[in-house]
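Asker: Quick one: the structure is below, questions incoming.
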Amino acid sequence: MADWAILYDVEFLTLEESASRFWCGPHDPDPVIAQIGAVKLGLTGAFNVIDTFRAYVTPPGRGGTAQQMDPFFTRLTGITEAQIAAQGQPLAEALAALDAFSGGARLWSWGKDEFNMVAISCYVAGIAPPIPIERFGNAAALVLKAGMPYEDVKRTRSDMLAAYFGLKIEGLRAHDGLDDALSLAHAMRHLLTEGRLTATDFA
């Protein structure tokens, strides 16, 4: 077992109210990844943040063309076309970099981003998912084990987790992949510090 866990979050293309249409509207984009954020959280000692990771991804489109971002997506996430043009990587490269950053540890998201976004993005890009499914975990199950009421789990987003546990973390922006991963990581650190979770829960 690694001495750290990886908490990650992805931002994916959307239009306003795409979620209510399950991304099936005539103008809805394929919900592919445009940004990945991740945090390496120590599972020993003071449970400190060891390192962080952020990658911009050129959103894959069907047939090998890049998808365009709607202005709503930029307002929601802060991610601009200019950032993607300057820093965007092919999906395969970004996922390989995330895998290398993880050092073989499990990757935990708030929910099942490996199904909802990673698998969809790989399918659209025409590549095999490079990280095996057993490497992924659902952090919602961790907070439930730690005693967070199920009703609260259902209505709490990843960007709200740190605040839910009374943690004041300055400078976090909702719908930024790294900042949402940091909110999740600080919540996990709090639960580890209180003894409500242990390192073995992240194995």
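Chains: A, B, ... in order of the structure tokens. Residues: from 1 per chain. Ligands: from 1, in order shown.
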Applying 9 Å and only C-alpha atoms, which residues near A:Gly61 remain after dropping the ones on its own chain fewer than 2 positions away? List them as a compact mmCIF listing (two decimals) with N, CA and C atoms, in the first residue's frame.
Answerer:
```txt
# COMPACT_ATOMS: atom_id res chain seq x y z
N PRO A 29 -22.67 19.18 -25.81
CA PRO A 29 -21.42 18.54 -26.21
C PRO A 29 -21.28 17.17 -25.57
N ASP A 30 -20.43 16.33 -26.13
CA ASP A 30 -20.05 15.13 -25.41
C ASP A 30 -19.33 15.58 -24.13
N VAL A 32 -16.75 15.50 -22.27
CA VAL A 32 -15.37 15.04 -22.23
C VAL A 32 -14.51 15.98 -21.38
N PRO A 59 -10.16 19.01 -25.40
CA PRO A 59 -11.35 18.15 -25.33
C PRO A 59 -11.52 17.34 -26.60
N GLY A 63 -14.16 11.63 -34.24
CA GLY A 63 -13.43 11.72 -35.49
C GLY A 63 -12.10 12.44 -35.38
N GLY A 64 -11.64 12.70 -34.13
CA GLY A 64 -10.32 13.27 -33.94
C GLY A 64 -10.25 14.78 -33.91
N THR A 65 -11.38 15.45 -34.04
CA THR A 65 -11.38 16.91 -33.97
C THR A 65 -11.64 17.37 -32.54
N ALA A 66 -11.06 18.49 -32.17
CA ALA A 66 -11.27 19.02 -30.82
C ALA A 66 -12.64 19.67 -30.72
N GLN A 67 -13.30 19.48 -29.58
CA GLN A 67 -14.59 20.14 -29.35
C GLN A 67 -14.36 21.58 -28.89
N GLN A 68 -15.29 22.44 -29.24
CA GLN A 68 -15.24 23.83 -28.81
C GLN A 68 -15.92 23.98 -27.44
N SER A 121 -14.64 10.00 -22.09
CA SER A 121 -13.61 10.74 -22.81
C SER A 121 -12.72 9.79 -23.62
N VAL A 124 -14.69 8.55 -26.68
CA VAL A 124 -14.76 9.55 -27.73
C VAL A 124 -13.41 9.73 -28.41
N ALA A 125 -12.34 9.69 -27.61
CA ALA A 125 -10.99 9.86 -28.16
C ALA A 125 -10.49 8.62 -28.90
```
Asker: Go through stretch 6-39 of chain A residue by residue and, counting only C-alpha atoms, keep those with an atom at most 6 Å from stretch 181-189 of chain A; for each kept residue give the shortest atom pair and its distance in Å to one decimal, ordered by chain and increasing number, as a tab-separated table.
Answerer:
```
residue	atom	partner	partner_atom	distance
A:Leu7	CA	A:Ala181	CA	5.7
A:Tyr8	CA	A:Ala181	CA	4.9
A:Asp9	CA	A:Ala181	CA	5.3
A:Ala38	CA	A:Ala181	CA	5.7
```
Asker: Would you mind exporting the chosen residues as a PDB file, in the first residue's frame, restricted to N, CA and C atoms?
Answerer:
```
ATOM      1  N   LEU A   7      -6.511  12.221  -4.420  1.00  0.00           N
ATOM      2  CA  LEU A   7      -7.864  12.764  -4.542  1.00  0.00           C
ATOM      3  C   LEU A   7      -7.891  13.579  -5.821  1.00  0.00           C
ATOM      4  N   TYR A   8      -8.832  13.297  -6.714  1.00  0.00           N
ATOM      5  CA  TYR A   8      -8.819  13.978  -8.006  1.00  0.00           C
ATOM      6  C   TYR A   8     -10.211  14.445  -8.394  1.00  0.00           C
ATOM      7  N   ASP A   9     -10.233  15.355  -9.355  1.00  0.00           N
ATOM      8  CA  ASP A   9     -11.494  15.889  -9.868  1.00  0.00           C
ATOM      9  C   ASP A   9     -11.268  16.264 -11.330  1.00  0.00           C
ATOM     10  N   ALA A  38      -5.528  17.034  -9.206  1.00  0.00           N
ATOM     11  CA  ALA A  38      -5.311  15.944  -8.258  1.00  0.00           C
ATOM     12  C   ALA A  38      -4.414  16.401  -7.117  1.00  0.00           C
TER      13      ALA A  38
END
```
Asker: By how many Å are atom CA of A:Ala141 and atom CA of A:Asp99 apart?
Answerer: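 For atom CA of A:Ala141 relative to atom CA of A:Asp99, the distance reads 22.2 Å.
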Asker: Do you have the atom CA of A:Val10-atom CA of A:Tyr164 distance handy?
Answerer: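 Atom-to-atom, atom CA of A:Val10 and atom CA of A:Tyr164 are spaced 20.7 Å apart.
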Asker: Which residue is closest to A:Pro130? Choose from A:Ala146, A:Cys24, A:Ala96, A:Ala162 and count only C-alpha atoms.
Answerer: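 Residue with the minimum atom-to-atom distance to A:Pro130: A:Ala96.
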